[in-house]
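Asks: Dropping the structure in here first, questions after.
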Protein chains: 2
Amino acid sequence: MINPPSLQQLKYLISLAETRHFGQAADACAVTQSTLSAGLQELESRLGAKLVERRKRGAMLTALGQQVVERARHIISEAEALVDLAQAAREPLSGPLKLGVIPTISPYLLPRIMPALRRRHGKLRLYLTEDLSPRIAEKLDAGELDLLLLALPYDLPGAETMALFDDAFLFACRKDHELARANALPPERLNSEPLLLLQDGHCLRDHALAACNLMNRRGAQPFQATSLPTLIQMVDNGIGTTLLPAMAVAAGALKGTGIVTRPVTGAPTPSRTIGLAWRKASPRHDEFRLLGRDIVELSTKAGLTP
Amino acid sequence: MINPPSLQQLKYLISLAETRHFGQAADACAVTQSTLSAGLQELESRLGAKLVERRKRGAMLTALGQQVVERARHIISEAEALVDLAQAAREPLSGPLKLGVIPTISPYLLPRIMPALRRRHGKLRLYLTEDLSPRIAEKLDAGELDLLLLALPYDLPGAETMALFDDAFLFACRKDHELARANALPPERLNSEPLLLLQDGHCLRDHALAACNLMNRRGAQPFQATSLPTLIQMVDNGIGTTLLPAMAVAAGALKGTGIVTRPVTGAPTPSRTIGLAWRKASPRHDEFRLLGRDIVELSTKAGLTP
DNA sequence: GATTTATCATCGGTTTTCTCGATCAAAAAA
DNA sequence: TTTTTTGATCGAGAAAACCGATGATAAATC
């Protein structure tokens with residue numbers, strides 16, 4: 001392919017079409033007449049055709065020149081529109097944002113903060129993906145997601161994380177359970193409990209065990225729940241006890257059940273950390289930190305975190 | 001307005017979008033990696049936003065970058081289409097051609113040659129304007145017409161002309177006229193004739209008088225016809241005699257009348273010259289000369305000129 | 001017909017931009 | 001740790017764009 005016309009050359013031609021005069025067109029383009037003249041010659045050479053009819057009394061465009069000018073106007077305006085596009089996109093927290101969230105956060109946090117978030121950032125278009133940590137981590141790296149909302153710590157190579165707030169683990173049992181009224185409940189006390197946990201893959205399981213310094217009991221469990229609501233059902237049915245994130249409880253996950261919760265003692269308090277993660281190289285990290293602050297603020301207002 | 005992105009920069013971005021790799025993208029653009037890197041930085045600077053997410057394992061575009069690439073592809077292809085447009089328009093005798101013709105040529109010549117012309121130059125779009133010489137000359141200068149078909153000589157400042165063929169003047173009278181069978185008819189003999197002529201403005205009038213070295217008889221005429229058919233009607237009605245272009249006679253203008261014609265003697269033969277004219281500055285003069293040759297050839301074939 | 005004016009082309013030199021090759025830094029891979 | 005990959009950066013050189021002056025030519029005017 002031969003050299004296409006340059007935008008500058010097209011501007012010269014447009015200007016000439018408007019003034020029908022080399023000198024005036026040159027002024028309008030803030031260049032000298034010689035520059036414009038040379039530019040137009042180069043343009044004609046690239047297109048391989050005469051566009052301008054030079055006369056001693058002004059210049060006029062050929063039929064082809066007219067057509068080229070029309071298209072050129074279009075091209076120039078499209079090119080300039082790119083600047084506007086970028087300008088609009090530069091506004092923080094606007095445009096599409098693909099967010100991955102883990103299932104033990106999503107249903108408790110998002111419904112409480114999304115309305116306010118929408119109000120604050122009208123141009124933000126959140127695309128939500130709910131999946132287990134390894135899956136969304138993988139998608140983050142592949143560029144299919146821009147941002148993760150998950151529980152930390154979690155090994156995310158090449159990612160930068162921002163801790164938002166701690167989410168304590170609460171011991172949950174039926175109100176007729178022997179520990180239902182325990183005041184100080186040290187983690188060790190749970191070793192003898194038939195703790196029910198989520199199935200493998202859910203980071204909640206690992207975080208809960210780690211936070212309380214408990215062994216991994218996989219295999220010893222009669223059932224592994226596939227979701228937190230299922231787990232709660234099982235506890236309510238008296239199959240066992242469990243550890244629940246305070247956020248879920250605050251969000252009303254136990255409403256309508258006979259389950260009570262007791263805080264687990266310890267220093268630090270056994271908890272997981274809710275946080276954001278994004279690719280280190282992401283140019284939107286400033287936006288993400290802003291969003292993080294918003295989430296903290298809104299979660300606190302909603303009573304999900306003290 | 002800030003500097004819009006350059007086409008080159010957009011090409012860099014497109015190439016990067018396809019390869020997701022600075023080095024490979026640079027190769028594809030036939031520049032070095034450093035050049036492409038600098039070009040993309042300049043592009044980002046002009047747009048005022050990050051388009052590329054640089055990672056150690058290849059690069060990827062931001063959401064904005066994706067959008068920009070899509071539009072950039074469009075812009076580039078439009079710019080390159082201009083070359084094609086010019087290429088297509090460069091084919092001789094194609095596209096629009098605004099032709100002005102005088103009324104004493106138009107109805108006799110055009111119907112005979114237009115069909116063949118259309119066959120030869122399928123892409124030619126002839127826009128015809130029929131008017132008196134001064135009017136079409138004015139329009140030629142104003143750029144409203146590209147080409148004139150008229151009778152020469154005619155004063156056309158700033159125009160270039162091409163003579164096509166001579167069109168002799170024939171003496172025309174009713175067949176019962178005393179000169180109807182004259183063999184050698186010298187121009188001087190016409191001085192005593194009540195010659196009917198077209199009204200002022202028609203060049204045919206001036207050409208006829210000049211060719212036969214006759215005085216301008218305006219005012220002395222009882223009637224001045226407004227068109228050649230009218231003039232012929234008048235002669236047929238016995239109001240007088242006239243001089244007719246041979247072309248009109250050959251085209252059958254006298255069919256159905258009792259008019260006969262006799263050649264006028266003289267050296268050179270009293271005649272007008274049919275020719276083309278265009279602005280000296282017109283870049284299509286080559287095309288016009290081609291068209292001129294076609295007209296001569298087709299007119300001869302049609303028997304309009306010996 | 002000579003002169004002036006208007007207009008665009010052209011030329012040499014200068015400034016700006018673009019490009020290259022080499023090198024550097026950082027992350028990933030081995 | 002060492003090696004490899006990958007993009008950023010820097011200085012030098014090449015290319016281009018640009019300017020100002022001059023030239024050429026047709027039109028307008030005297």
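Please note that chains go A, B, ... in the order of the structure tokens, that every chain numbers its residues from 1, and that ligands are numbered from 1 in the order shown.
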Mind fitting chain B to chain A by least squares on all Cα atoms in order and giving back the moved coordinates as a tab-separated table (two decimals) with C-alpha atoms, in the first residue's frame?
Replies:
chain	number	residue	atom	x	y	z
B	1	MET	CA	-0.27	-0.09	-0.26
B	2	ILE	CA	1.02	3.33	-1.12
B	3	ASN	CA	1.26	6.00	1.51
B	4	PRO	CA	-2.16	7.23	2.41
B	5	PRO	CA	-2.63	10.97	2.76
B	6	SER	CA	-1.61	12.43	6.09
B	7	LEU	CA	-4.09	14.24	8.28
B	8	GLN	CA	-2.05	17.40	7.97
B	9	GLN	CA	-2.27	17.28	4.21
B	10	LEU	CA	-6.01	16.76	4.39
B	11	LYS	CA	-6.28	19.79	6.64
B	12	TYR	CA	-4.42	21.83	4.08
B	13	LEU	CA	-6.85	20.73	1.42
B	14	ILE	CA	-9.88	21.51	3.56
B	15	SER	CA	-8.53	24.92	4.34
B	16	LEU	CA	-7.90	25.58	0.69
B	17	ALA	CA	-11.42	24.48	-0.16
B	18	GLU	CA	-12.75	27.05	2.27
B	19	THR	CA	-10.60	29.98	1.24
B	20	ARG	CA	-9.94	29.14	-2.41
B	21	HIS	CA	-6.66	30.90	-1.85
B	22	PHE	CA	-3.26	29.44	-1.04
B	23	GLY	CA	-2.09	32.36	1.06
B	24	GLN	CA	-5.22	32.62	3.19
B	25	ALA	CA	-5.45	28.86	3.57
B	26	ALA	CA	-1.85	28.82	4.76
B	27	ASP	CA	-2.62	31.50	7.34
B	28	ALA	CA	-5.59	29.53	8.57
B	29	CYS	CA	-3.32	26.52	9.02
B	30	ALA	CA	-0.65	28.66	10.70
B	31	VAL	CA	1.97	27.77	8.10
B	32	THR	CA	3.51	29.67	5.24
B	33	GLN	CA	2.20	29.57	1.73
B	34	SER	CA	5.17	27.58	0.55
B	35	THR	CA	4.55	24.92	3.14
B	36	LEU	CA	0.94	24.59	2.19
B	37	SER	CA	1.81	24.52	-1.47
B	38	ALA	CA	4.33	21.75	-0.96
B	39	GLY	CA	1.94	19.85	1.26
B	40	LEU	CA	-0.78	19.92	-1.34
B	41	GLN	CA	1.61	18.79	-4.04
B	42	GLU	CA	2.63	15.89	-1.87
B	43	LEU	CA	-1.01	15.05	-1.30
B	44	GLU	CA	-1.72	15.09	-5.01
B	45	SER	CA	1.29	12.93	-5.58
B	46	ARG	CA	0.16	10.38	-3.03
B	47	LEU	CA	-3.31	10.23	-4.46
B	48	GLY	CA	-1.92	10.25	-7.96
B	49	ALA	CA	-4.36	12.83	-9.17
B	50	LYS	CA	-4.89	16.55	-9.45
B	51	LEU	CA	-7.08	17.92	-6.70
B	52	VAL	CA	-6.52	21.62	-7.15
B	53	GLU	CA	-6.90	23.81	-10.15
B	54	ARG	CA	-4.36	26.57	-9.73
B	55	ARG	CA	-5.30	29.87	-11.24
B	56	LYS	CA	-3.88	33.32	-10.92
B	57	ARG	CA	-7.13	34.49	-9.47
B	58	GLY	CA	-7.45	32.10	-6.56
B	59	ALA	CA	-7.51	28.35	-6.71
B	60	MET	CA	-10.38	25.95	-7.01
B	61	LEU	CA	-10.84	22.26	-6.42
B	62	THR	CA	-11.42	19.71	-9.11
B	63	ALA	CA	-14.43	17.43	-8.91
B	64	LEU	CA	-12.19	14.83	-7.33
B	65	GLY	CA	-10.85	17.44	-4.96
B	66	GLN	CA	-14.37	18.21	-3.79
B	67	GLN	CA	-15.04	14.59	-3.08
B	68	VAL	CA	-11.76	14.23	-1.24
B	69	VAL	CA	-12.51	17.29	0.86
B	70	GLU	CA	-15.86	15.91	1.92
B	71	ARG	CA	-14.34	12.66	3.05
B	72	ALA	CA	-11.37	14.43	4.56
B	73	ARG	CA	-13.65	16.52	6.74
B	74	HIS	CA	-15.19	13.32	7.97
B	75	ILE	CA	-11.85	11.69	8.66
B	76	ILE	CA	-10.47	14.68	10.51
B	77	SER	CA	-13.51	15.00	12.69
B	78	GLU	CA	-13.35	11.33	13.54
B	79	ALA	CA	-9.71	11.63	14.50
B	80	GLU	CA	-10.45	14.60	16.70
B	81	ALA	CA	-13.36	12.77	18.24
B	82	LEU	CA	-10.86	10.28	19.60
B	83	VAL	CA	-9.54	12.99	21.87
B	84	ASP	CA	-13.03	13.62	23.18
B	85	LEU	CA	-13.60	9.94	23.62
B	86	ALA	CA	-10.48	9.71	25.73
B	87	GLN	CA	-11.44	12.81	27.64
B	88	ALA	CA	-14.81	11.37	28.56
B	89	ALA	CA	-13.32	8.02	29.46
B	90	ARG	CA	-10.79	9.71	31.69
B	91	GLU	CA	-13.45	10.61	34.24
B	92	PRO	CA	-12.75	8.32	37.19
B	93	LEU	CA	-15.10	5.43	37.81
B	94	SER	CA	-16.99	5.73	34.58
B	95	GLY	CA	-17.46	3.27	31.80
B	96	PRO	CA	-17.31	-0.49	32.01
B	97	LEU	CA	-15.65	-2.14	34.98
B	98	LYS	CA	-15.55	-5.91	35.14
B	99	LEU	CA	-15.55	-6.95	38.77
B	100	GLY	CA	-15.07	-10.45	40.10
B	101	VAL	CA	-16.43	-11.26	43.57
B	102	ILE	CA	-16.23	-14.41	45.63
B	103	PRO	CA	-19.51	-16.06	46.72
B	104	THR	CA	-18.89	-15.54	50.44
B	105	ILE	CA	-18.82	-11.79	49.97
B	106	SER	CA	-21.07	-11.08	47.04
B	107	PRO	CA	-24.57	-11.71	48.43
B	108	TYR	CA	-23.92	-9.96	51.74
B	109	LEU	CA	-21.97	-6.92	50.71
B	110	LEU	CA	-23.10	-5.97	47.24
B	111	PRO	CA	-26.84	-5.56	47.81
B	112	ARG	CA	-26.08	-3.14	50.63
B	113	ILE	CA	-23.72	-0.86	48.76
B	114	MET	CA	-24.66	-1.07	45.11
B	115	PRO	CA	-27.53	1.44	45.20
B	116	ALA	CA	-25.35	4.13	46.76
B	117	LEU	CA	-22.49	3.29	44.43
B	118	ARG	CA	-24.76	3.70	41.47
B	119	ARG	CA	-25.85	7.04	42.79
B	120	ARG	CA	-22.29	8.28	43.22
B	121	HIS	CA	-20.92	7.10	39.90
B	122	GLY	CA	-23.71	7.37	37.42
B	123	LYS	CA	-21.51	6.52	34.45
B	124	LEU	CA	-19.99	3.45	36.03
B	125	ARG	CA	-21.11	0.20	34.44
B	126	LEU	CA	-20.31	-2.68	36.76
B	127	TYR	CA	-20.21	-6.15	35.24
B	128	LEU	CA	-20.25	-8.68	38.04
B	129	THR	CA	-18.80	-12.16	37.99
B	130	GLU	CA	-19.24	-14.37	41.01
B	131	ASP	CA	-16.84	-17.26	41.32
B	132	LEU	CA	-14.29	-18.89	43.58
B	133	SER	CA	-11.01	-17.11	44.20
B	134	PRO	CA	-8.84	-19.24	41.88
B	135	ARG	CA	-11.22	-18.71	38.99
B	136	ILE	CA	-11.53	-14.97	39.29
B	137	ALA	CA	-7.79	-14.69	39.90
B	138	GLU	CA	-7.21	-16.49	36.64
B	139	LYS	CA	-9.66	-14.25	34.85
B	140	LEU	CA	-8.05	-11.17	36.27
B	141	ASP	CA	-4.74	-12.21	34.84
B	142	ALA	CA	-6.29	-13.02	31.50
B	143	GLY	CA	-7.77	-9.54	31.30
B	144	GLU	CA	-11.33	-10.85	31.47
B	145	LEU	CA	-11.78	-9.06	34.76
B	146	ASP	CA	-10.45	-5.69	35.80
B	147	LEU	CA	-10.87	-5.89	39.54
B	148	LEU	CA	-11.47	-8.48	42.24
B	149	LEU	CA	-13.30	-8.18	45.51
B	150	LEU	CA	-12.16	-11.09	47.64
B	151	ALA	CA	-10.75	-12.24	50.95
B	152	LEU	CA	-7.11	-11.69	51.72
B	153	PRO	CA	-4.53	-12.94	52.08
B	154	TYR	CA	-4.55	-14.67	48.75
B	155	ASP	CA	-1.65	-15.42	46.46
B	156	LEU	CA	-2.10	-13.26	43.40
B	157	PRO	CA	1.10	-13.06	41.36
B	158	GLY	CA	1.30	-9.88	39.36
B	159	ALA	CA	-1.50	-8.27	41.28
B	160	GLU	CA	-1.66	-5.36	43.64
B	161	THR	CA	-4.08	-5.55	46.57
B	162	MET	CA	-5.82	-3.10	48.83
B	163	ALA	CA	-7.15	-4.20	52.19
B	164	LEU	CA	-10.55	-2.71	52.93
B	165	PHE	CA	-11.59	-3.98	56.34
B	166	ASP	CA	-11.42	-6.99	58.59
B	167	ASP	CA	-14.28	-9.39	58.79
B	168	ALA	CA	-14.21	-11.37	62.04
B	169	PHE	CA	-15.14	-15.02	62.22
B	170	LEU	CA	-17.97	-15.80	64.61
B	171	PHE	CA	-18.67	-19.14	66.12
B	172	ALA	CA	-22.16	-20.19	65.09
B	173	CYS	CA	-24.31	-22.85	66.76
B	174	ARG	CA	-27.88	-23.59	67.62
B	175	LYS	CA	-29.03	-21.61	70.61
B	176	ASP	CA	-29.41	-24.84	72.60
B	177	HIS	CA	-25.72	-25.63	72.05
B	178	GLU	CA	-23.45	-25.83	75.06
B	179	LEU	CA	-21.31	-22.95	73.79
B	180	ALA	CA	-24.24	-20.73	72.89
B	181	ARG	CA	-23.68	-18.56	75.90
B	182	ALA	CA	-19.90	-18.84	76.24
B	183	ASN	CA	-18.35	-15.48	77.00
B	184	ALA	CA	-14.71	-15.94	76.15
B	185	LEU	CA	-14.31	-18.48	73.41
B	186	PRO	CA	-10.66	-19.20	72.65
B	187	PRO	CA	-9.86	-20.78	69.27
B	188	GLU	CA	-8.43	-23.88	70.90
B	189	ARG	CA	-11.86	-24.65	72.30
B	190	LEU	CA	-13.04	-25.27	68.74
B	191	ASN	CA	-10.69	-28.17	68.17
B	192	SER	CA	-13.12	-30.53	69.76
B	193	GLU	CA	-16.09	-29.08	67.90
B	194	PRO	CA	-17.58	-30.84	64.86
B	195	LEU	CA	-17.02	-27.76	62.66
B	196	LEU	CA	-18.82	-27.77	59.36
B	197	LEU	CA	-16.98	-26.01	56.55
B	198	LEU	CA	-17.48	-25.05	52.93
B	199	GLN	CA	-16.19	-27.41	50.32
B	200	ASP	CA	-12.70	-27.22	48.95
B	201	GLY	CA	-11.94	-24.22	46.80
B	202	HIS	CA	-13.78	-21.74	48.95
B	203	CYS	CA	-11.19	-19.55	50.53
B	204	LEU	CA	-13.49	-18.99	53.45
B	205	ARG	CA	-12.66	-22.52	54.57
B	206	ASP	CA	-8.91	-21.91	54.59
B	207	HIS	CA	-9.20	-18.49	56.11
B	208	ALA	CA	-11.39	-19.69	58.91
B	209	LEU	CA	-9.08	-22.54	59.79
B	210	ALA	CA	-5.97	-20.41	59.51
B	211	ALA	CA	-7.41	-17.58	61.56
B	212	CYS	CA	-8.15	-19.94	64.41
B	213	ASN	CA	-4.95	-21.97	64.02
B	214	LEU	CA	-6.94	-25.12	63.36
B	215	MET	CA	-5.94	-28.18	61.40
B	216	ASN	CA	-7.42	-28.78	58.01
B	217	ARG	CA	-10.10	-31.33	58.66
B	218	ARG	CA	-10.98	-32.28	55.16
B	219	GLY	CA	-12.05	-35.89	54.95
B	220	ALA	CA	-13.04	-35.94	58.55
B	221	GLN	CA	-16.19	-34.03	57.64
B	222	PRO	CA	-19.43	-35.85	57.00
B	223	PHE	CA	-20.67	-33.11	54.69
B	224	GLN	CA	-19.10	-30.14	52.97
B	225	ALA	CA	-21.53	-27.42	52.12
B	226	THR	CA	-21.37	-25.83	48.69
B	227	SER	CA	-22.53	-22.43	49.82
B	228	LEU	CA	-22.92	-20.36	52.93
B	229	PRO	CA	-26.74	-20.56	53.01
B	230	THR	CA	-26.50	-24.35	52.74
B	231	LEU	CA	-23.97	-24.39	55.54
B	232	ILE	CA	-26.29	-22.32	57.70
B	233	GLN	CA	-29.13	-24.70	56.97
B	234	MET	CA	-26.99	-27.59	58.14
B	235	VAL	CA	-26.08	-25.87	61.37
B	236	ASP	CA	-29.70	-24.97	61.95
B	237	ASN	CA	-30.59	-28.63	61.49
B	238	GLY	CA	-28.22	-29.54	64.30
B	239	ILE	CA	-25.67	-31.35	62.18
B	240	GLY	CA	-22.86	-29.29	63.68
B	241	THR	CA	-21.39	-25.86	64.27
B	242	THR	CA	-19.37	-23.56	62.08
B	243	LEU	CA	-17.47	-20.31	61.75
B	244	LEU	CA	-19.27	-17.54	59.92
B	245	PRO	CA	-18.01	-14.20	58.67
B	246	ALA	CA	-19.43	-11.39	60.76
B	247	MET	CA	-20.44	-9.57	57.60
B	248	ALA	CA	-22.79	-12.35	56.59
B	249	VAL	CA	-24.34	-12.36	60.05
B	250	ALA	CA	-24.70	-8.58	60.03
B	251	ALA	CA	-26.36	-8.84	56.67
B	252	GLY	CA	-29.03	-11.06	58.17
B	253	ALA	CA	-27.91	-14.44	56.94
B	254	LEU	CA	-29.21	-16.05	60.12
B	255	LYS	CA	-32.61	-14.41	60.06
B	256	GLY	CA	-35.31	-17.00	60.56
B	257	THR	CA	-32.98	-19.60	62.03
B	258	GLY	CA	-32.33	-20.75	65.59
B	259	ILE	CA	-28.63	-20.03	65.29
B	260	VAL	CA	-26.69	-17.77	67.63
B	261	THR	CA	-23.12	-16.54	67.23
B	262	ARG	CA	-20.36	-15.96	69.76
B	263	PRO	CA	-17.18	-14.00	69.10
B	264	VAL	CA	-13.97	-15.97	69.10
B	265	THR	CA	-11.24	-14.48	71.27
B	266	GLY	CA	-7.67	-14.03	70.25
B	267	ALA	CA	-5.15	-11.39	69.36
B	268	PRO	CA	-5.56	-10.47	66.71
B	269	THR	CA	-9.21	-11.33	66.52
B	270	PRO	CA	-9.60	-14.28	64.17
B	271	SER	CA	-10.78	-12.74	60.95
B	272	ARG	CA	-10.36	-12.54	57.24
B	273	THR	CA	-9.56	-9.36	55.37
B	274	ILE	CA	-11.85	-8.11	52.66
B	275	GLY	CA	-9.89	-6.44	49.92
B	276	LEU	CA	-9.56	-5.46	46.29
B	277	ALA	CA	-7.04	-6.73	43.80
B	278	TRP	CA	-6.04	-5.62	40.32
B	279	ARG	CA	-3.25	-6.24	37.89
B	280	LYS	CA	-0.14	-4.32	38.87
B	281	ALA	CA	0.03	-2.97	35.33
B	282	SER	CA	-3.52	-1.70	35.29
B	283	PRO	CA	-3.68	1.99	34.49
B	284	ARG	CA	-6.86	2.36	36.49
B	285	HIS	CA	-5.38	1.72	39.92
B	286	ASP	CA	-6.25	5.21	41.08
B	287	GLU	CA	-9.86	4.58	40.25
B	288	PHE	CA	-9.76	1.27	42.04
B	289	ARG	CA	-8.42	2.85	45.22
B	290	LEU	CA	-11.18	5.41	45.06
B	291	LEU	CA	-13.71	2.65	44.71
B	292	GLY	CA	-12.11	0.86	47.65
B	293	ARG	CA	-12.61	3.88	49.87
B	294	ASP	CA	-16.22	4.08	48.77
B	295	ILE	CA	-16.79	0.44	49.61
B	296	VAL	CA	-15.31	0.85	53.09
B	297	GLU	CA	-17.42	3.90	53.74
B	298	LEU	CA	-20.64	2.37	52.49
B	299	SER	CA	-20.06	-0.95	54.26
B	300	THR	CA	-19.60	0.87	57.56
B	301	LYS	CA	-22.74	2.89	56.99
B	302	ALA	CA	-24.59	-0.32	56.27
B	303	GLY	CA	-23.37	-1.78	59.57
B	304	LEU	CA	-21.50	-4.61	57.91
B	305	THR	CA	-18.25	-3.66	59.64
B	306	PRO	CA	-17.74	-1.87	62.97
Asks: Please report as a list in words which residues of chain C come no farther than 12 Å from chain A, using only C-alpha atoms (C1' of nucleotides).
Replies: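 Listing them in order of chain and number gives DT5, DA6, DT7, DC8, DA9, DT10, DC11, DA27 and DA28 of chain C.
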Asks: Please, could you write that set of residues out with C-alpha atoms (C1' of nucleotides) as an mmCIF file, in the first residue's frame?
Replies:
data_model
loop_
_atom_site.group_PDB
_atom_site.id
_atom_site.type_symbol
_atom_site.label_atom_id
_atom_site.label_comp_id
_atom_site.auth_asym_id
_atom_site.auth_seq_id
_atom_site.Cartn_x
_atom_site.Cartn_y
_atom_site.Cartn_z
ATOM 1 C "C1'" DT C 5 -1.201 43.320 -8.919
ATOM 2 C "C1'" DA C 6 -2.534 38.891 -7.438
ATOM 3 C "C1'" DT C 7 -1.373 34.320 -6.918
ATOM 4 C "C1'" DC C 8 0.890 30.086 -6.676
ATOM 5 C "C1'" DA C 9 5.485 27.447 -7.435
ATOM 6 C "C1'" DT C 10 10.144 26.823 -6.185
ATOM 7 C "C1'" DC C 11 14.552 26.992 -3.699
ATOM 8 C "C1'" DA C 27 10.112 -9.085 35.992
ATOM 9 C "C1'" DA C 28 9.765 -13.827 34.690
#
Asks: How far is it from C1' of DA24 in chain D to C1' of DT14 in chain C, in Å with one decimal?
Replies: 25.4 Å
Asks: Set out as a Markdown table a contact list for chain D and chain A with a cut-off of 8 Å, giving each residue of chain D that qualifies its closest atom pair and distance in Å to one decimal, counting only C-alpha atoms (C1' of nucleotides), ordered by chain and rising residue number.
Replies:
| residue | atom | partner | partner_atom | distance |
| --- | --- | --- | --- | --- |
| D:DA17 | C1' | A:Thr35 | CA | 7.9 |
| D:DC18 | C1' | A:Thr35 | CA | 6.2 |
| D:DC19 | C1' | A:Thr32 | CA | 6.9 |
| D:DA26 | C1' | A:Lys56 | CA | 5.9 |
| D:DA27 | C1' | A:Lys56 | CA | 7.1 |
Asks: Would you work out the distance separating C1' of DT9 in chain D from C1' of DA30 in chain C, expressed in Å to one decimal?
Replies: 27.9 Å
Asks: Please extract the residues of range 37-151 of chain B with a backbone DSSP assignment of alpha helix (DSSP H) and present them as a ChimeraX atom specification.
Replies: /B:37-47,63-90,106-120,133-142
Asks: Provide the C1' of DT25 in chain D to C1' of DG12 in chain C distance in Å, to one decimal place.
Replies: 22.7 Å
Asks: Looking only at strand (DSSP E) from DSSP on the backbone, list the matching residues of range 133-276 of chain B as a PyMOL selection string.
Replies: chain B and resi 147-152+159-174+195-196+241-245+259-263+271-276
